[in-house]
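Shown below: structure.txt, with compact mmCIF, C-alpha atoms.
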# COMPACT_ATOMS: atom_id res chain seq x y z
CA MET P 1 0.00 0.00 0.00
CA LYS P 2 1.28 3.44 -0.95
CA LYS P 3 2.30 5.67 1.95
CA ARG P 4 0.42 8.95 2.27
CA LYS P 5 2.78 11.91 1.82
CA ILE P 6 2.27 14.72 4.33
CA VAL P 7 4.19 17.98 4.50
CA VAL P 8 4.69 19.69 7.86
CA ALA P 9 5.93 23.26 7.51
CA VAL P 10 6.91 25.66 10.27
CA SER P 11 6.64 29.40 9.72
CA GLY P 12 7.04 32.08 12.35
CA ALA P 13 8.82 31.60 15.63
CA SER P 14 6.33 31.24 18.45
CA GLY P 15 4.93 27.74 18.62
CA VAL P 16 7.67 26.02 16.60
CA ASN P 17 7.61 23.20 19.17
CA MET P 18 4.04 22.36 18.09
CA GLY P 19 5.17 21.88 14.49
CA ILE P 20 8.00 19.63 15.58
CA LYS P 21 5.66 17.66 17.85
CA VAL P 22 3.23 17.15 14.96
CA LEU P 23 6.13 15.77 12.94
CA GLU P 24 7.22 13.47 15.79
CA LEU P 25 3.71 12.13 16.38
CA LEU P 26 2.87 11.39 12.74
CA PRO P 27 2.74 7.61 12.42
CA SER P 28 5.42 5.71 10.51
CA SER P 29 2.74 4.76 7.99
CA VAL P 30 3.05 8.34 6.64
CA GLU P 31 5.88 9.61 4.42
CA LYS P 32 6.91 12.81 6.24
CA HIS P 33 8.28 15.94 4.58
CA PHE P 34 9.38 18.93 6.65
CA VAL P 35 10.14 22.57 5.80
CA MET P 36 11.82 24.90 8.30
CA SER P 37 14.65 27.39 8.78
CA GLN P 38 18.29 26.45 8.14
CA ASN P 39 19.25 26.23 11.84
CA ALA P 40 16.35 23.93 12.64
CA LYS P 41 17.21 21.87 9.58
CA THR P 42 20.72 21.22 10.94
CA VAL P 43 19.44 20.05 14.32
CA LEU P 44 16.61 17.95 12.94
CA ALA P 45 18.85 16.20 10.42
CA LYS P 46 20.82 14.83 13.35
CA GLU P 47 17.78 13.92 15.45
CA MET P 48 15.16 12.71 12.97
CA LYS P 49 16.30 10.08 10.49
CA ASP P 50 12.91 9.14 8.97
CA VAL P 51 12.03 12.64 7.73
CA TYR P 52 12.81 14.32 4.42
CA ILE P 53 13.97 17.81 5.42
CA HIS P 54 13.73 20.50 2.75
CA ASP P 55 15.34 23.94 2.57
CA ASN P 56 12.61 26.61 2.55
CA GLU P 57 14.48 28.47 -0.21
CA ASP P 58 14.55 25.45 -2.53
CA ILE P 59 11.38 25.95 -4.57
CA SER P 60 12.55 23.19 -6.93
CA ALA P 61 12.21 20.55 -4.17
CA SER P 62 10.03 17.53 -4.91
CA ILE P 63 7.13 18.75 -2.76
CA ALA P 64 6.84 21.90 -4.94
CA SER P 65 5.54 19.81 -7.84
CA GLY P 66 2.01 18.55 -8.27
CA SER P 67 3.34 15.42 -9.96
CA PHE P 68 5.17 14.42 -6.76
CA GLY P 69 1.81 13.56 -5.20
CA VAL P 70 1.74 15.15 -1.76
CA ASP P 71 -1.51 14.12 -0.06
CA ALA P 72 -1.82 16.87 2.54
CA MET P 73 0.00 19.75 4.18
CA ILE P 74 -0.19 21.36 7.59
CA ILE P 75 1.57 24.61 8.52
CA VAL P 76 2.16 24.78 12.30
CA PRO P 77 2.49 27.51 13.37
CA CYS P 78 1.33 29.54 10.40
CA SER P 79 2.52 33.14 10.62
CA MET P 80 0.24 35.91 9.44
CA ASN P 81 2.86 36.65 6.76
CA THR P 82 2.68 33.10 5.40
CA LEU P 83 -1.12 33.09 5.63
CA ALA P 84 -1.30 36.39 3.71
CA LYS P 85 1.06 35.11 1.01
CA ILE P 86 -0.97 31.94 0.55
CA SER P 87 -4.19 33.99 0.44
CA CYS P 88 -2.75 36.19 -2.31
CA GLY P 89 -1.16 33.35 -4.29
CA ILE P 90 2.42 34.42 -3.54
CA ALA P 91 4.72 31.41 -3.79
CA ASP P 92 8.14 32.87 -3.03
CA ASN P 93 9.52 30.07 -0.83
CA LEU P 94 9.05 26.32 -0.54
CA THR P 95 6.33 26.57 2.10
CA THR P 96 4.15 28.94 0.09
CA ARG P 97 4.94 27.15 -3.20
CA CYS P 98 3.95 23.79 -1.73
CA ALA P 99 0.75 25.37 -0.34
CA ALA P 100 -0.03 26.79 -3.80
CA VAL P 101 0.41 23.32 -5.31
CA ILE P 102 -1.78 21.74 -2.62
CA ILE P 103 -4.52 24.28 -3.42
CA LYS P 104 -4.11 23.76 -7.19
CA GLU P 105 -4.30 19.99 -6.78
CA GLN P 106 -7.31 20.34 -4.43
CA LYS P 107 -5.58 18.45 -1.62
CA LYS P 108 -6.02 19.03 2.10
CA LEU P 109 -4.27 22.13 3.50
CA ILE P 110 -4.46 22.96 7.21
CA LEU P 111 -3.21 26.29 8.53
CA ALA P 112 -2.68 26.73 12.26
CA PRO P 113 -2.37 30.48 12.81
CA ARG P 114 -1.08 31.18 16.29
CA GLU P 115 -1.27 34.97 16.65
CA MET P 116 -3.95 36.44 18.88
CA PRO P 117 -6.05 38.49 18.57
CA PHE P 118 -6.60 38.20 14.82
CA SER P 119 -6.57 41.48 12.92
CA PRO P 120 -9.39 42.27 10.48
CA ILE P 121 -6.91 41.70 7.62
CA ALA P 122 -5.92 38.26 8.98
CA LEU P 123 -9.59 37.35 9.42
CA GLU P 124 -10.31 38.44 5.85
CA ASN P 125 -7.43 36.28 4.58
CA MET P 126 -8.64 33.32 6.66
CA HIS P 127 -12.19 33.77 5.35
CA LYS P 128 -10.93 33.85 1.76
CA LEU P 129 -8.87 30.69 2.26
CA SER P 130 -11.67 28.94 4.14
CA SER P 131 -14.06 29.64 1.27
CA LEU P 132 -11.56 27.83 -0.99
CA GLY P 133 -11.66 24.75 1.23
CA ILE P 134 -8.49 25.41 3.23
CA ILE P 135 -8.93 24.40 6.86
CA ILE P 136 -8.13 27.13 9.38
CA ALA P 137 -7.41 25.34 12.66
CA PRO P 138 -5.59 27.46 15.24
CA PRO P 139 -4.38 25.68 18.37
CA VAL P 140 -7.55 26.19 20.43
CA MET P 141 -8.18 24.31 23.64
CA ALA P 142 -11.33 22.49 24.68
CA TYR P 143 -11.82 21.55 28.28
CA TYR P 144 -13.98 18.42 28.09
CA SER P 145 -10.78 16.47 27.57
CA GLU P 146 -9.63 17.49 31.08
CA GLN P 147 -6.01 18.22 30.20
CA GLN P 148 -3.78 18.72 33.22
CA THR P 149 -0.41 19.45 31.65
CA LEU P 150 0.99 21.41 28.74
CA ASN P 151 1.86 18.11 27.05
CA GLU P 152 -1.77 16.94 27.33
CA MET P 153 -2.99 20.29 25.93
CA GLU P 154 -0.61 20.00 22.98
CA ASN P 155 -1.67 16.40 22.39
CA PHE P 156 -5.33 17.49 22.32
CA VAL P 157 -4.66 20.08 19.62
CA ILE P 158 -2.42 17.78 17.59
CA GLY P 159 -4.99 14.99 17.91
CA LYS P 160 -7.63 17.32 16.46
CA TRP P 161 -5.28 18.19 13.57
CA PHE P 162 -4.64 14.48 12.97
CA ASP P 163 -8.42 13.93 12.93
CA LEU P 164 -8.63 16.54 10.15
CA LEU P 165 -5.87 14.72 8.25
CA GLY P 166 -7.65 11.37 8.65
CA ILE P 167 -4.89 9.97 10.87
CA GLU P 168 -6.15 7.68 13.61
CA ASN P 169 -4.90 8.68 17.02
CA SER P 170 -5.59 8.42 20.72
CA LEU P 171 -3.82 11.63 21.68
CA TYR P 172 -6.76 13.03 23.66
CA LYS P 173 -9.84 12.00 25.56
CA ARG P 174 -12.79 12.07 23.18
CA TRP P 175 -16.16 13.62 24.00
CA GLN P 176 -18.45 11.21 25.78
CA SER P 177 -22.15 11.87 26.28
CA GLU P 178 -23.60 11.20 29.68
CA GLU P 179 -25.41 8.12 28.30
CA SER P 180 -22.08 6.48 27.39

Would you encode the structure as structure tokens?
Amino acid sequence: MKKRKIVVAVSGASGVNMGIKVLELLPSSVEKHFVMSQNAKTVLAKEMKDVYIHDNEDISASIASGSFGVDAMIIVPCSMNTLAKISCGIADNLTTRCAAVIIKEQKKLILAPREMPFSPIALENMHKLSSLGIIIAPPVMAYYSEQQTLNEMENFVIGKWFDLLGIENSLYKRWQSEES
């Protein structure tokens, strides 16, 4: 069976650990591709052997082509700059180029904007992208899962993102009705 190809990209600085955790928690049944800054690339190349790490300036990388067959992409965190570029069709680095290809190929794209509060311009960009089928999924907590630690909170959010990607997981306590 063909492995699903999923790109994890990290843009912006705050929340980079969430992007890395998403990458770490993706199951081995997924072919993982990762885009990040040069310094992070150096560290991750030493620590993560089962990940294809791409230079964000290399817009000729495999994941920048529709014929490569990426199945989905998630950008965690997604900076407002990256979100705006994607909204306007600007593909000036590998992250935004890959997102443009994902949109063109009508594949699943999840953006996890982290900034708060959202400006009217950011909300307009999110609305535009959402109307095109892009999933806007900021790291928002829910309390029914009764998280007690930061790790449990992160697992809840990542579990919700994996649900959106169709990746089975048990990273968080699911909602249970009182009848259950």

(message) Quick one: residues within 8 Å of Gln147 of chain P, all atoms listed in the file, excluding same-chain residues fewer than 5 positions away - as a ChimeraX atom specification?
(response) /P:152-153,156

(request) Give the answer as one residue: which of P:Gly159, P:Gly133, P:Gly166, P:Pro117 has the shortest atom-to-atom distance to Leu25 of chain P, using all atoms listed in the file? (result) P:Gly159

Once 4 Å is added on each side, what are the centre and the three edge lengths, in Å to one decimal, of the axis-aligned box enclosing the listed atoms of segment 21-34 of chain P? Present them as AutoDock Vina command-line options.
--center_x 6.1 --center_y 11.8 --center_z 11.1 --size_x 14.6 --size_y 22.2 --size_z 21.4

Surrounding residues of Ala122 of chain P excluding itself and chain neighbours under 3 positions, 9 Å, all atoms listed in the file, as a JSON list (two decimals) with C-alpha atoms, in the frame of the given file:
[["chain", "number", "residue", "atom", "x", "y", "z"],
["P", 80, "MET", "CA", 0.24, 35.91, 9.44],
["P", 83, "LEU", "CA", -1.12, 33.09, 5.63],
["P", 84, "ALA", "CA", -1.30, 36.39, 3.71],
["P", 118, "PHE", "CA", -6.60, 38.20, 14.82],
["P", 119, "SER", "CA", -6.57, 41.48, 12.92],
["P", 125, "ASN", "CA", -7.43, 36.28, 4.58],
["P", 126, "MET", "CA", -8.64, 33.32, 6.66],
["P", 127, "HIS", "CA", -12.19, 33.77, 5.35]]

(request) For each of P:Val51, P:Ser79, P:Ile86, P:His33, take the minimum atom-to-atom distance to Ala100 of chain P, counting all atoms listed in the file, then give the residue where this is smallest. (result)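 Among P:Val51, P:Ser79, P:Ile86, P:His33, it is P:Ile86 that comes nearest to Ala100 of chain P.
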
(message) What does the structure give for the distance between atom CA of Gly89 of chain P and atom CA of Ile102 of chain P, in Å to one decimal?
(response) 11.7 Å

(request) One decimal, Å: what's the distance from atom CA of Ile74 of chain P over to atom CA of Lys108 of chain P, could you say? (result)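 For atom CA of Ile74 of chain P relative to atom CA of Lys108 of chain P, the distance reads 8.3 Å.
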
Give me, as a Markdown table, each residue of segment 28-90 of chain P that comes within 6 Å of segment 7-10 of chain P, together with its shortest interatomic pair and the distance in Å at one decimal, counting all atoms listed in the file, with rows ordered by chain and rising residue number.
| residue | atom | partner | partner_atom | distance |
| --- | --- | --- | --- | --- |
| P:His33 | CA | P:Val7 | CA | 4.6 |
| P:Phe34 | CA | P:Val8 | CA | 4.9 |
| P:Val35 | CA | P:Ala9 | CA | 4.6 |
| P:Met36 | CA | P:Val10 | CA | 5.3 |
| P:Met73 | CA | P:Val7 | CA | 4.6 |
| P:Ile74 | CA | P:Val8 | CA | 5.2 |
| P:Ile75 | CA | P:Ala9 | CA | 4.7 |
| P:Val76 | CA | P:Val10 | CA | 5.2 |
| P:Pro77 | CA | P:Val10 | CA | 5.7 |

(message) I need the residue nearest Val22 of chain P from this list: P:Val157, P:Ile134, P:Ala72, P:Met116. Use only C-alpha atoms for the distance.
(response)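 Result for the nearest residue to Val22 of chain P: P:Val157.
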
(request) Please provide as number ranges by chain all residues within 8 Å of segment 63-66 of chain P, with the sequence filter that same-chain residues fewer than 3 positions apart are discarded (counting all atoms listed in the file). (result) P: 7, 33, 59-60, 69-70, 94, 97-98, 101-102, 105

(message) Rounded to one decimal, what separation in Å do you get between atom CA of Phe162 of chain P and atom CA of Ala137 of chain P?
(response)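 Taking atom CA of Phe162 of chain P and atom CA of Ala137 of chain P, their separation equals 11.2 Å.
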
(message) Using all atoms listed in the file for the distances, tell me which of P:Asn155, P:Ile103, P:Met1, P:Glu115 is nearest to Leu132 of chain P.
(response) P:Ile103
